[in-house]
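A short worksheet on the structure shown next.
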Amino acid sequence: QVQLVESGGGLVQPGGSLSLACEASRGIFSITAMGWYRQAPGNQRELVAVRPSGGSTDYADSVKGRFTISRDNAKNTVYLQMNNLKPEDTAVYYCYALVYGIHYWGKGTLVTVSS
């Protein structure tokens, strides 16, 4: 069983920055991939960024050049640095992990981009 706990959401003005963090309860080396998804009101959950353990990072086109995903293996944590935020980035952001073929999700953290 893997537990994921997100932190770092909040309210930010357009053009601002936020950093999200997700700590996994299990050693990050056993995790095949970690990443972030988001879900805006009325929309389906969508990929933001995923970082496999052995492959290249995948970003949604809408966030390329603005968001950066990174991992700290020593802290079992994955981060999402979000710059130049736009109102359309407003959503609940969910941490995601793939472990031995099983998908795990955090409870989500709300990011609101508004003036």
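Residues in the structure tokens are named by chain (A, B, ... in the order shown) and by number from 1 within that chain; ligands are numbered from 1 in the order shown.
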
_Residue contacts of Gly108 (chain A) (12 Å, only C-alpha atoms) excluding same-chain residues fewer than 2 positions away, as a list in words_ =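 What passes the distance filter is Leu4, Val5, Glu6, Ser7, Gly8, Gly9, Gly10, Leu20, Ala21, Cys22, Trp36, Tyr37, Arg38, Gln39, Ala40, Arg45, Ala91, Val92, Tyr93, Tyr94, Cys95, Tyr96, Tyr104, Trp105, Gly106, Leu110 and Val111 of chain A.
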
Export, as a tab-separated table (two decimals), in the first residue's frame, the selected residues with C-alpha atoms.
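Output (again18.tsv):
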chain	number	residue	atom	x	y	z
A	4	LEU	CA	0.52	9.97	-1.06
A	5	VAL	CA	0.17	13.28	0.75
A	6	GLU	CA	0.12	16.52	-1.23
A	7	SER	CA	0.88	19.99	0.02
A	8	GLY	CA	1.43	23.48	-1.35
A	9	GLY	CA	-1.84	24.45	-2.98
A	10	GLY	CA	-3.47	27.82	-2.53
A	20	LEU	CA	3.43	21.52	-4.90
A	21	ALA	CA	4.95	18.60	-3.05
A	22	CYS	CA	3.89	14.99	-2.70
A	36	TRP	CA	0.62	14.99	-11.17
A	37	TYR	CA	-2.86	15.13	-12.62
A	38	ARG	CA	-5.48	17.83	-12.24
A	39	GLN	CA	-9.22	18.17	-12.43
A	40	ALA	CA	-11.06	21.42	-12.98
A	45	ARG	CA	-8.99	14.47	-14.69
A	91	ALA	CA	-8.00	22.85	-10.49
A	92	VAL	CA	-7.54	20.24	-7.82
A	93	TYR	CA	-4.09	18.75	-8.33
A	94	TYR	CA	-3.62	15.08	-7.53
A	95	CYS	CA	-0.39	13.26	-6.91
A	96	TYR	CA	-0.09	9.94	-8.71
A	104	TYR	CA	-2.35	5.26	-6.35
A	105	TRP	CA	-3.75	8.74	-5.84
A	106	GLY	CA	-3.44	11.44	-3.24
A	110	LEU	CA	-6.63	22.98	-4.65
A	111	VAL	CA	-4.82	25.54	-6.80

Please identify the strand (DSSP E) residues within chain A (assignment by DSSP from backbone atoms) and present them as a tab-separated table (two decimals) with all heavy atoms, in the first residue's frame.
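Below is the file selection17.tsv, written as the result:
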chain	number	residue	atom	x	y	z
A	4	LEU	N	-0.05	8.76	-0.48
A	4	LEU	CA	0.52	9.97	-1.06
A	4	LEU	C	-0.13	11.18	-0.40
A	4	LEU	O	-1.35	11.27	-0.33
A	4	LEU	CB	0.24	10.01	-2.57
A	4	LEU	CG	0.71	8.79	-3.37
A	4	LEU	CD1	0.19	8.87	-4.80
A	4	LEU	CD2	2.22	8.69	-3.36
A	5	VAL	N	0.68	12.10	0.06
A	5	VAL	CA	0.17	13.28	0.75
A	5	VAL	C	0.70	14.52	0.03
A	5	VAL	O	1.91	14.76	-0.02
A	5	VAL	CB	0.61	13.31	2.23
A	5	VAL	CG1	0.08	14.57	2.90
A	5	VAL	CG2	0.10	12.06	2.94
A	6	GLU	N	-0.25	15.31	-0.51
A	6	GLU	CA	0.12	16.52	-1.23
A	6	GLU	C	0.12	17.72	-0.30
A	6	GLU	O	-0.60	17.74	0.70
A	6	GLU	CB	-0.87	16.81	-2.37
A	6	GLU	CG	-1.02	15.70	-3.38
A	6	GLU	CD	-2.31	14.96	-3.22
A	6	GLU	OE1	-2.84	14.92	-2.08
A	6	GLU	OE2	-2.82	14.41	-4.22
A	7	SER	N	0.89	18.72	-0.70
A	7	SER	CA	0.88	19.99	0.02
A	7	SER	C	1.28	21.09	-0.95
A	7	SER	O	1.85	20.82	-2.00
A	7	SER	CB	1.84	19.96	1.21
A	7	SER	OG	3.17	19.72	0.77
A	10	GLY	N	-3.03	26.55	-3.06
A	10	GLY	CA	-3.47	27.82	-2.53
A	10	GLY	C	-3.93	28.77	-3.62
A	10	GLY	O	-4.16	28.36	-4.76
A	11	LEU	N	-4.05	30.03	-3.25
A	11	LEU	CA	-4.52	31.08	-4.16
A	11	LEU	C	-3.33	31.90	-4.64
A	11	LEU	O	-2.47	32.31	-3.84
A	11	LEU	CB	-5.51	31.99	-3.43
A	11	LEU	CG	-5.98	33.24	-4.19
A	11	LEU	CD1	-6.78	32.85	-5.43
A	11	LEU	CD2	-6.80	34.12	-3.26
A	12	VAL	N	-3.28	32.12	-5.94
A	12	VAL	CA	-2.19	32.90	-6.52
A	12	VAL	C	-2.74	33.75	-7.65
A	12	VAL	O	-3.72	33.37	-8.30
A	12	VAL	CB	-1.06	31.97	-7.02
A	12	VAL	CG1	-1.54	31.07	-8.14
A	12	VAL	CG2	0.17	32.76	-7.42
A	18	LEU	N	3.64	28.77	-7.84
A	18	LEU	CA	3.37	27.91	-6.70
A	18	LEU	C	4.19	26.65	-6.85
A	18	LEU	O	4.50	26.23	-7.98
A	18	LEU	CB	1.88	27.52	-6.64
A	18	LEU	CG	0.89	28.44	-5.94
A	18	LEU	CD1	-0.51	27.83	-6.04
A	18	LEU	CD2	1.26	28.67	-4.50
A	19	SER	N	4.50	26.05	-5.71
A	19	SER	CA	5.19	24.77	-5.73
A	19	SER	C	4.39	23.76	-4.94
A	19	SER	O	3.99	24.01	-3.81
A	19	SER	CB	6.59	24.92	-5.13
A	19	SER	OG	7.28	23.68	-5.17
A	20	LEU	N	4.12	22.62	-5.56
A	20	LEU	CA	3.43	21.52	-4.90
A	20	LEU	C	4.44	20.42	-4.53
A	20	LEU	O	5.45	20.25	-5.22
A	20	LEU	CB	2.37	20.92	-5.83
A	20	LEU	CG	1.32	21.86	-6.39
A	20	LEU	CD1	0.31	21.08	-7.25
A	20	LEU	CD2	0.61	22.62	-5.30
A	21	ALA	N	4.13	19.73	-3.47
A	21	ALA	CA	4.95	18.60	-3.05
A	21	ALA	C	4.07	17.40	-2.75
A	21	ALA	O	2.93	17.55	-2.33
A	21	ALA	CB	5.78	18.98	-1.83
A	22	CYS	N	4.60	16.23	-2.98
A	22	CYS	CA	3.89	14.99	-2.70
A	22	CYS	C	4.86	14.01	-2.07
A	22	CYS	O	5.84	13.61	-2.72
A	22	CYS	CB	3.29	14.42	-3.97
A	22	CYS	SG	2.56	12.78	-3.77
A	23	GLU	N	4.57	13.61	-0.85
A	23	GLU	CA	5.44	12.67	-0.15
A	23	GLU	C	4.80	11.29	-0.19
A	23	GLU	O	3.62	11.13	0.15
A	23	GLU	CB	5.67	13.10	1.29
A	23	GLU	CG	6.64	12.19	2.04
A	23	GLU	CD	6.97	12.69	3.43
A	23	GLU	OE1	6.46	13.75	3.81
A	23	GLU	OE2	7.74	12.02	4.13
A	24	ALA	N	5.58	10.33	-0.59
A	24	ALA	CA	5.11	8.95	-0.66
A	24	ALA	C	5.51	8.18	0.59
A	24	ALA	O	6.60	8.39	1.14
A	24	ALA	CB	5.69	8.27	-1.90
A	33	ALA	N	6.52	5.06	-11.53
A	33	ALA	CA	6.36	6.43	-12.02
A	33	ALA	C	5.62	7.25	-10.99
A	33	ALA	O	4.79	6.71	-10.24
A	33	ALA	CB	5.59	6.45	-13.34
A	34	MET	N	5.91	8.52	-10.97
A	34	MET	CA	5.17	9.46	-10.12
A	34	MET	C	4.86	10.69	-10.95
A	34	MET	O	5.59	11.03	-11.88
A	34	MET	CB	5.95	9.87	-8.88
A	34	MET	CG	6.10	8.79	-7.85
A	34	MET	SD	6.76	9.42	-6.29
A	34	MET	CE	5.30	10.22	-5.60
A	35	GLY	N	3.77	11.35	-10.55
A	35	GLY	CA	3.44	12.54	-11.30
A	35	GLY	C	2.26	13.28	-10.73
A	35	GLY	O	1.87	13.07	-9.58
A	36	TRP	N	1.72	14.13	-11.57
A	36	TRP	CA	0.62	14.99	-11.17
A	36	TRP	C	-0.46	15.00	-12.25
A	36	TRP	O	-0.16	15.07	-13.45
A	36	TRP	CB	1.12	16.42	-10.96
A	36	TRP	CG	2.09	16.56	-9.83
A	36	TRP	CD1	3.45	16.43	-9.90
A	36	TRP	CD2	1.76	16.80	-8.46
A	36	TRP	NE1	3.99	16.60	-8.64
A	36	TRP	CE2	2.99	16.84	-7.75
A	36	TRP	CE3	0.58	17.02	-7.76
A	36	TRP	CZ2	3.05	17.07	-6.38
A	36	TRP	CZ3	0.64	17.25	-6.40
A	36	TRP	CH2	1.86	17.28	-5.72
A	37	TYR	N	-1.70	14.93	-11.79
A	37	TYR	CA	-2.86	15.13	-12.62
A	37	TYR	C	-3.66	16.29	-12.01
A	37	TYR	O	-3.42	16.69	-10.88
A	37	TYR	CB	-3.73	13.88	-12.66
A	37	TYR	CG	-3.22	12.79	-13.56
A	37	TYR	CD1	-2.06	12.09	-13.26
A	37	TYR	CD2	-3.90	12.45	-14.74
A	37	TYR	CE1	-1.58	11.09	-14.09
A	37	TYR	CE2	-3.44	11.45	-15.57
A	37	TYR	CZ	-2.29	10.78	-15.24
A	37	TYR	OH	-1.82	9.78	-16.08
A	38	ARG	N	-4.61	16.79	-12.77
A	38	ARG	CA	-5.48	17.83	-12.24
A	38	ARG	C	-6.88	17.68	-12.78
A	38	ARG	O	-7.09	17.08	-13.84
A	38	ARG	CB	-4.95	19.22	-12.56
A	38	ARG	CG	-4.98	19.58	-14.04
A	38	ARG	CD	-4.30	20.92	-14.28
A	38	ARG	NE	-4.33	21.31	-15.69
A	38	ARG	CZ	-3.70	22.37	-16.17
A	38	ARG	NH1	-2.99	23.16	-15.37
A	38	ARG	NH2	-3.78	22.66	-17.47
A	39	GLN	N	-7.83	18.22	-12.01
A	39	GLN	CA	-9.22	18.17	-12.43
A	39	GLN	C	-9.89	19.49	-12.10
A	39	GLN	O	-9.98	19.89	-10.92
A	39	GLN	CB	-9.96	17.02	-11.73
A	39	GLN	CG	-11.37	16.82	-12.25
A	39	GLN	CD	-11.96	15.50	-11.77
A	39	GLN	OE1	-11.47	14.88	-10.84
A	39	GLN	NE2	-13.02	15.07	-12.42
A	46	GLU	N	-6.99	15.18	-15.85
A	46	GLU	CA	-6.04	15.19	-16.96
A	46	GLU	C	-4.61	15.16	-16.46
A	46	GLU	O	-4.30	15.64	-15.37
A	46	GLU	CB	-6.25	16.42	-17.85
A	46	GLU	CG	-5.98	17.75	-17.16
A	46	GLU	CD	-6.11	18.94	-18.09
A	46	GLU	OE1	-6.49	18.77	-19.25
A	46	GLU	OE2	-5.80	20.06	-17.63
A	47	LEU	N	-3.74	14.62	-17.30
A	47	LEU	CA	-2.33	14.57	-16.98
A	47	LEU	C	-1.73	15.98	-16.96
A	47	LEU	O	-2.02	16.80	-17.84
A	47	LEU	CB	-1.60	13.74	-18.03
A	47	LEU	CG	-0.07	13.79	-18.00
A	47	LEU	CD1	0.45	13.00	-16.82
A	47	LEU	CD2	0.51	13.26	-19.31
A	48	VAL	N	-0.89	16.24	-15.96
A	48	VAL	CA	-0.10	17.46	-15.93
A	48	VAL	C	1.35	17.11	-16.26
A	48	VAL	O	1.93	17.63	-17.20
A	48	VAL	CB	-0.18	18.15	-14.56
A	48	VAL	CG1	0.73	19.37	-14.53
A	48	VAL	CG2	-1.62	18.53	-14.23
A	49	ALA	N	1.92	16.21	-15.46
A	49	ALA	CA	3.31	15.80	-15.69
A	49	ALA	C	3.53	14.45	-15.01
A	49	ALA	O	3.02	14.23	-13.91
A	49	ALA	CB	4.29	16.82	-15.15
A	50	VAL	N	4.25	13.58	-15.68
A	50	VAL	CA	4.58	12.27	-15.12
A	50	VAL	C	6.06	12.03	-15.32
A	50	VAL	O	6.60	12.28	-16.40
A	50	VAL	CB	3.76	11.15	-15.78
A	50	VAL	CG1	4.26	9.80	-15.31
A	50	VAL	CG2	2.31	11.28	-15.43
A	51	ARG	N	6.70	11.51	-14.27
A	51	ARG	CA	8.13	11.24	-14.35
A	51	ARG	C	8.37	9.76	-14.03
A	51	ARG	O	8.35	9.37	-12.87
A	51	ARG	CB	8.90	12.13	-13.40
A	51	ARG	CG	10.41	11.91	-13.49
A	51	ARG	CD	11.14	13.10	-12.98
A	51	ARG	NE	12.59	12.90	-13.06
A	51	ARG	CZ	13.47	13.84	-12.86
A	51	ARG	NH1	13.08	15.06	-12.59
A	51	ARG	NH2	14.75	13.58	-12.92
A	52	PRO	N	8.60	8.95	-15.03
A	52	PRO	CA	8.93	7.55	-14.79
A	52	PRO	C	10.31	7.42	-14.16
A	52	PRO	O	11.15	8.32	-14.30
A	52	PRO	CB	8.93	6.93	-16.19
A	52	PRO	CG	8.26	7.93	-17.07
A	52	PRO	CD	8.51	9.26	-16.46
A	58	ASP	N	7.03	13.38	-19.06
A	58	ASP	CA	5.96	13.73	-20.00
A	58	ASP	C	5.15	14.88	-19.41
A	58	ASP	O	4.71	14.79	-18.27
A	58	ASP	CB	5.08	12.51	-20.24
A	58	ASP	CG	4.08	12.72	-21.36
A	58	ASP	OD1	4.30	13.62	-22.19
A	58	ASP	OD2	3.08	11.98	-21.40
A	59	TYR	N	4.96	15.92	-20.20
A	59	TYR	CA	4.17	17.08	-19.77
A	59	TYR	C	2.97	17.28	-20.69
A	59	TYR	O	3.05	17.01	-21.91
A	59	TYR	CB	4.99	18.36	-19.83
A	59	TYR	CG	6.10	18.48	-18.80
A	59	TYR	CD1	7.40	18.13	-19.12
A	59	TYR	CD2	5.83	18.95	-17.53
A	59	TYR	CE1	8.42	18.26	-18.20
A	59	TYR	CE2	6.85	19.09	-16.59
A	59	TYR	CZ	8.14	18.74	-16.93
A	59	TYR	OH	9.15	18.87	-16.01
A	67	PHE	N	5.70	24.57	-16.20
A	67	PHE	CA	5.73	23.66	-15.05
A	67	PHE	C	6.95	22.75	-15.14
A	67	PHE	O	7.36	22.34	-16.25
A	67	PHE	CB	4.48	22.78	-15.01
A	67	PHE	CG	3.20	23.50	-14.71
A	67	PHE	CD1	3.12	24.88	-14.69
A	67	PHE	CD2	2.06	22.77	-14.42
A	67	PHE	CE1	1.94	25.53	-14.41
A	67	PHE	CE2	0.86	23.41	-14.13
A	67	PHE	CZ	0.79	24.78	-14.13
A	68	THR	N	7.49	22.40	-13.96
A	68	THR	CA	8.62	21.48	-13.90
A	68	THR	C	8.40	20.47	-12.80
A	68	THR	O	8.11	20.84	-11.65
A	68	THR	CB	9.93	22.23	-13.64
A	68	THR	OG1	10.13	23.23	-14.66
A	68	THR	CG2	11.11	21.27	-13.64
A	69	ILE	N	8.53	19.20	-13.14
A	69	ILE	CA	8.42	18.13	-12.15
A	69	ILE	C	9.81	17.66	-11.77
A	69	ILE	O	10.71	17.60	-12.62
A	69	ILE	CB	7.56	16.96	-12.70
A	69	ILE	CG1	7.28	15.93	-11.60
A	69	ILE	CG2	8.23	16.32	-13.90
A	69	ILE	CD1	6.27	14.86	-12.02
A	70	SER	N	9.98	17.37	-10.48
A	70	SER	CA	11.27	16.87	-10.01
A	70	SER	C	11.05	15.88	-8.88
A	70	SER	O	9.96	15.85	-8.29
A	70	SER	CB	12.17	18.03	-9.56
A	70	SER	OG	11.56	18.75	-8.50
A	71	ARG	N	12.07	15.09	-8.60
A	71	ARG	CA	11.97	14.09	-7.55
A	71	ARG	C	13.16	14.19	-6.62
A	71	ARG	O	14.28	14.46	-7.05
A	71	ARG	CB	11.88	12.68	-8.15
A	71	ARG	CG	10.56	12.36	-8.75
A	71	ARG	CD	10.58	11.11	-9.61
A	71	ARG	NE	10.93	9.91	-8.86
A	71	ARG	CZ	10.77	8.69	-9.32
A	71	ARG	NH1	10.26	8.51	-10.52
A	71	ARG	NH2	11.12	7.65	-8.60
A	72	ASP	N	12.91	13.94	-5.33
A	72	ASP	CA	13.97	13.84	-4.33
A	72	ASP	C	13.85	12.45	-3.72
A	72	ASP	O	13.00	12.19	-2.87
A	72	ASP	CB	13.80	14.92	-3.26
A	72	ASP	CG	14.95	14.94	-2.25
A	72	ASP	OD1	15.58	13.89	-2.04
A	72	ASP	OD2	15.19	16.00	-1.66
A	77	THR	N	9.86	12.13	-2.21
A	77	THR	CA	8.98	13.24	-2.56
A	77	THR	C	9.13	13.64	-4.03
A	77	THR	O	10.24	13.62	-4.57
A	77	THR	CB	9.31	14.46	-1.66
A	77	THR	OG1	9.10	14.09	-0.29
A	77	THR	CG2	8.41	15.64	-1.97
A	78	VAL	N	7.99	13.99	-4.61
A	78	VAL	CA	7.99	14.55	-5.96
A	78	VAL	C	7.40	15.95	-5.88
A	78	VAL	O	6.51	16.22	-5.07
A	78	VAL	CB	7.17	13.66	-6.93
A	78	VAL	CG1	5.72	13.59	-6.54
A	78	VAL	CG2	7.35	14.11	-8.36
A	79	TYR	N	7.95	16.83	-6.68
A	79	TYR	CA	7.56	18.24	-6.65
A	79	TYR	C	7.01	18.67	-8.01
A	79	TYR	O	7.33	18.08	-9.04
A	79	TYR	CB	8.76	19.12	-6.30
A	79	TYR	CG	9.43	18.79	-5.00
A	79	TYR	CD1	10.52	17.93	-4.96
A	79	TYR	CD2	8.97	19.33	-3.80
A	79	TYR	CE1	11.15	17.62	-3.77
A	79	TYR	CE2	9.59	19.01	-2.60
A	79	TYR	CZ	10.68	18.17	-2.60
A	79	TYR	OH	11.29	17.86	-1.41
A	80	LEU	N	6.19	19.72	-7.96
A	80	LEU	CA	5.74	20.36	-9.19
A	80	LEU	C	5.90	21.86	-9.02
A	80	LEU	O	5.20	22.46	-8.20
A	80	LEU	CB	4.29	20.01	-9.49
A	80	LEU	CG	3.75	20.55	-10.82
A	80	LEU	CD1	4.44	19.83	-11.99
A	80	LEU	CD2	2.25	20.39	-10.93
A	81	GLN	N	6.83	22.43	-9.73
A	81	GLN	CA	7.03	23.87	-9.72
A	81	GLN	C	6.21	24.47	-10.85
A	81	GLN	O	6.40	24.12	-12.02
A	81	GLN	CB	8.51	24.22	-9.91
A	81	GLN	CG	8.79	25.71	-9.98
A	81	GLN	CD	8.45	26.43	-8.70
A	81	GLN	OE1	8.71	25.92	-7.60
A	81	GLN	NE2	7.86	27.61	-8.81
A	82	MET	N	5.31	25.38	-10.50
A	82	MET	CA	4.40	25.97	-11.47
A	82	MET	C	4.68	27.46	-11.57
A	82	MET	O	4.53	28.18	-10.58
A	82	MET	CB	2.95	25.72	-11.05
A	82	MET	CG	2.63	24.24	-10.83
A	82	MET	SD	0.90	23.96	-10.42
A	82	MET	CE	0.83	24.69	-8.79
A	91	ALA	N	-7.54	24.24	-10.55
A	91	ALA	CA	-8.00	22.85	-10.49
A	91	ALA	C	-7.56	22.25	-9.16
A	91	ALA	O	-6.76	22.84	-8.43
A	91	ALA	CB	-7.40	22.05	-11.63
A	92	VAL	N	-8.08	21.07	-8.89
A	92	VAL	CA	-7.54	20.24	-7.82
A	92	VAL	C	-6.42	19.41	-8.43
A	92	VAL	O	-6.63	18.73	-9.45
A	92	VAL	CB	-8.61	19.35	-7.19
A	92	VAL	CG1	-7.98	18.43	-6.14
A	92	VAL	CG2	-9.73	20.19	-6.58
A	93	TYR	N	-5.26	19.47	-7.83
A	93	TYR	CA	-4.09	18.75	-8.33
A	93	TYR	C	-3.88	17.50	-7.49
A	93	TYR	O	-3.83	17.56	-6.26
A	93	TYR	CB	-2.86	19.67	-8.27
A	93	TYR	CG	-2.84	20.68	-9.37
A	93	TYR	CD1	-3.75	21.73	-9.37
A	93	TYR	CD2	-1.94	20.58	-10.42
A	93	TYR	CE1	-3.76	22.67	-10.40
A	93	TYR	CE2	-1.94	21.51	-11.45
A	93	TYR	CZ	-2.86	22.54	-11.44
A	93	TYR	OH	-2.87	23.46	-12.46
A	94	TYR	N	-3.75	16.37	-8.18
A	94	TYR	CA	-3.62	15.08	-7.53
A	94	TYR	C	-2.25	14.49	-7.81
A	94	TYR	O	-1.79	14.44	-8.97
A	94	TYR	CB	-4.68	14.10	-8.04
A	94	TYR	CG	-6.09	14.49	-7.73
A	94	TYR	CD1	-6.85	15.25	-8.61
A	94	TYR	CD2	-6.68	14.09	-6.53
A	94	TYR	CE1	-8.16	15.61	-8.32
A	94	TYR	CE2	-8.00	14.43	-6.23
A	94	TYR	CZ	-8.72	15.20	-7.12
A	94	TYR	OH	-10.02	15.54	-6.83
A	95	CYS	N	-1.62	14.01	-6.76
A	95	CYS	CA	-0.39	13.26	-6.91
A	95	CYS	C	-0.73	11.84	-7.34
A	95	CYS	O	-1.77	11.29	-6.93
A	95	CYS	CB	0.36	13.25	-5.58
A	95	CYS	SG	1.96	12.41	-5.61
A	96	TYR	N	0.15	11.25	-8.13
A	96	TYR	CA	-0.09	9.94	-8.71
A	96	TYR	C	1.17	9.10	-8.60
A	96	TYR	O	2.28	9.61	-8.75
A	96	TYR	CB	-0.48	10.12	-10.18
A	96	TYR	CG	-0.31	8.89	-11.04
A	96	TYR	CD1	-1.29	7.90	-11.03
A	96	TYR	CD2	0.80	8.73	-11.85
A	96	TYR	CE1	-1.15	6.78	-11.83
A	96	TYR	CE2	0.95	7.61	-12.64
A	96	TYR	CZ	-0.02	6.64	-12.63
A	96	TYR	OH	0.12	5.53	-13.41
A	97	ALA	N	0.97	7.82	-8.32
A	97	ALA	CA	2.11	6.91	-8.31
A	97	ALA	C	1.68	5.58	-8.90
A	97	ALA	O	0.56	5.12	-8.67
A	97	ALA	CB	2.64	6.71	-6.89
A	98	LEU	N	2.58	4.99	-9.65
A	98	LEU	CA	2.37	3.66	-10.22
A	98	LEU	C	3.38	2.72	-9.58
A	98	LEU	O	4.59	2.90	-9.72
A	98	LEU	CB	2.56	3.70	-11.74
A	98	LEU	CG	2.43	2.36	-12.47
A	98	LEU	CD1	1.01	1.82	-12.31
A	98	LEU	CD2	2.77	2.52	-13.95
A	99	VAL	N	2.84	1.71	-8.86
A	99	VAL	CA	3.70	0.80	-8.11
A	99	VAL	C	3.27	-0.63	-8.43
A	99	VAL	O	2.13	-1.01	-8.11
A	99	VAL	CB	3.60	1.05	-6.59
A	99	VAL	CG1	4.56	0.12	-5.84
A	99	VAL	CG2	3.89	2.50	-6.26
A	102	ILE	N	-0.07	-1.01	-9.97
A	102	ILE	CA	-1.23	-0.47	-9.26
A	102	ILE	C	-1.12	1.05	-9.23
A	102	ILE	O	-0.06	1.60	-8.94
A	102	ILE	CB	-1.31	-1.03	-7.82
A	102	ILE	CG1	-1.44	-2.55	-7.87
A	102	ILE	CG2	-2.49	-0.41	-7.07
A	102	ILE	CD1	-1.38	-3.21	-6.50
A	103	HIS	N	-2.27	1.70	-9.51
A	103	HIS	CA	-2.31	3.16	-9.51
A	103	HIS	C	-2.75	3.67	-8.14
A	103	HIS	O	-3.76	3.21	-7.59
A	103	HIS	CB	-3.31	3.65	-10.57
A	103	HIS	CG	-2.98	3.18	-11.95
A	103	HIS	ND1	-2.22	3.90	-12.84
A	103	HIS	CD2	-3.28	2.02	-12.58
A	103	HIS	CE1	-2.10	3.23	-13.97
A	103	HIS	NE2	-2.72	2.08	-13.84
A	104	TYR	N	-2.02	4.64	-7.63
A	104	TYR	CA	-2.35	5.26	-6.35
A	104	TYR	C	-2.53	6.76	-6.55
A	104	TYR	O	-1.86	7.37	-7.39
A	104	TYR	CB	-1.25	5.02	-5.32
A	104	TYR	CG	-1.08	3.58	-4.93
A	104	TYR	CD1	-0.19	2.76	-5.59
A	104	TYR	CD2	-1.84	3.02	-3.90
A	104	TYR	CE1	-0.02	1.43	-5.24
A	104	TYR	CE2	-1.69	1.69	-3.54
A	104	TYR	CZ	-0.78	0.90	-4.21
A	104	TYR	OH	-0.64	-0.42	-3.86
A	105	TRP	N	-3.44	7.32	-5.74
A	105	TRP	CA	-3.75	8.74	-5.84
A	105	TRP	C	-3.73	9.39	-4.47
A	105	TRP	O	-4.13	8.79	-3.47
A	105	TRP	CB	-5.13	8.95	-6.45
A	105	TRP	CG	-5.26	8.41	-7.83
A	105	TRP	CD1	-5.70	7.18	-8.20
A	105	TRP	CD2	-4.93	9.10	-9.04
A	105	TRP	NE1	-5.65	7.05	-9.56
A	105	TRP	CE2	-5.19	8.21	-10.11
A	105	TRP	CE3	-4.44	10.37	-9.32
A	105	TRP	CZ2	-4.98	8.56	-11.44
A	105	TRP	CZ3	-4.23	10.71	-10.65
A	105	TRP	CH2	-4.49	9.82	-11.70
A	109	THR	N	-4.94	18.66	-3.85
A	109	THR	CA	-4.74	19.98	-3.26
A	109	THR	C	-5.23	21.02	-4.26
A	109	THR	O	-4.95	20.92	-5.46
A	109	THR	CB	-3.26	20.21	-2.87
A	109	THR	OG1	-3.13	21.47	-2.22
A	109	THR	CG2	-2.34	20.18	-4.08
A	110	LEU	N	-5.98	22.00	-3.77
A	110	LEU	CA	-6.63	22.98	-4.65
A	110	LEU	C	-5.66	24.10	-5.00
A	110	LEU	O	-5.04	24.71	-4.12
A	110	LEU	CB	-7.87	23.56	-3.98
A	110	LEU	CG	-8.61	24.64	-4.75
A	110	LEU	CD1	-9.15	24.09	-6.08
A	110	LEU	CD2	-9.76	25.20	-3.91
A	111	VAL	N	-5.58	24.39	-6.28
A	111	VAL	CA	-4.82	25.54	-6.80
A	111	VAL	C	-5.80	26.47	-7.47
A	111	VAL	O	-6.52	26.07	-8.40
A	111	VAL	CB	-3.73	25.09	-7.79
A	111	VAL	CG1	-3.10	26.31	-8.46
A	111	VAL	CG2	-2.69	24.25	-7.09
A	112	THR	N	-5.86	27.70	-7.01
A	112	THR	CA	-6.75	28.71	-7.58
A	112	THR	C	-5.93	29.87	-8.11
A	112	THR	O	-5.14	30.47	-7.36
A	112	THR	CB	-7.75	29.22	-6.54
A	112	THR	OG1	-8.49	28.11	-6.01
A	112	THR	CG2	-8.72	30.22	-7.17
A	113	VAL	N	-6.10	30.16	-9.39
A	113	VAL	CA	-5.38	31.27	-10.02
A	113	VAL	C	-6.41	32.34	-10.35
A	113	VAL	O	-7.24	32.17	-11.24
A	113	VAL	CB	-4.64	30.82	-11.29
A	113	VAL	CG1	-3.82	31.98	-11.85
A	113	VAL	CG2	-3.76	29.62	-10.98

*Using only C-alpha atoms, determine which residues lie at most 6 Å from Gly16 (chain A), disregarding the query and same-chain residues fewer than 2 positions distant; provide the list as a ChimeraX atom specification.*
/A:13-14,84-85

Suppose we keep N, CA, C and O atoms; can you now write the selection as a PDB file, in the first residue's frame?
ATOM      1  N   GLN A  13      -2.131  34.874  -7.884  1.00  0.00           N
ATOM      2  CA  GLN A  13      -2.568  35.755  -8.970  1.00  0.00           C
ATOM      3  C   GLN A  13      -2.020  35.253 -10.313  1.00  0.00           C
ATOM      4  O   GLN A  13      -0.981  34.578 -10.350  1.00  0.00           O
ATOM      5  N   PRO A  14      -2.691  35.589 -11.384  1.00  0.00           N
ATOM      6  CA  PRO A  14      -2.160  35.219 -12.710  1.00  0.00           C
ATOM      7  C   PRO A  14      -0.734  35.729 -12.881  1.00  0.00           C
ATOM      8  O   PRO A  14      -0.416  36.852 -12.482  1.00  0.00           O
ATOM      9  N   ASN A  84       4.317  31.185 -14.021  1.00  0.00           N
ATOM     10  CA  ASN A  84       3.455  31.887 -14.981  1.00  0.00           C
ATOM     11  C   ASN A  84       2.054  31.263 -15.012  1.00  0.00           C
ATOM     12  O   ASN A  84       1.517  30.927 -16.070  1.00  0.00           O
ATOM     13  N   LEU A  85       1.485  31.140 -13.838  1.00  0.00           N
ATOM     14  CA  LEU A  85       0.180  30.477 -13.726  1.00  0.00           C
ATOM     15  C   LEU A  85      -0.913  31.291 -14.407  1.00  0.00           C
ATOM     16  O   LEU A  85      -0.886  32.537 -14.406  1.00  0.00           O
TER      17      LEU A  85
END

*Run DSSP on the backbone and give me the residues of chain A it puts in helix (DSSP H, G or I), as an MDAnalysis selection string.*
chainID A and resid 28:30 61:63 73:75 87:89
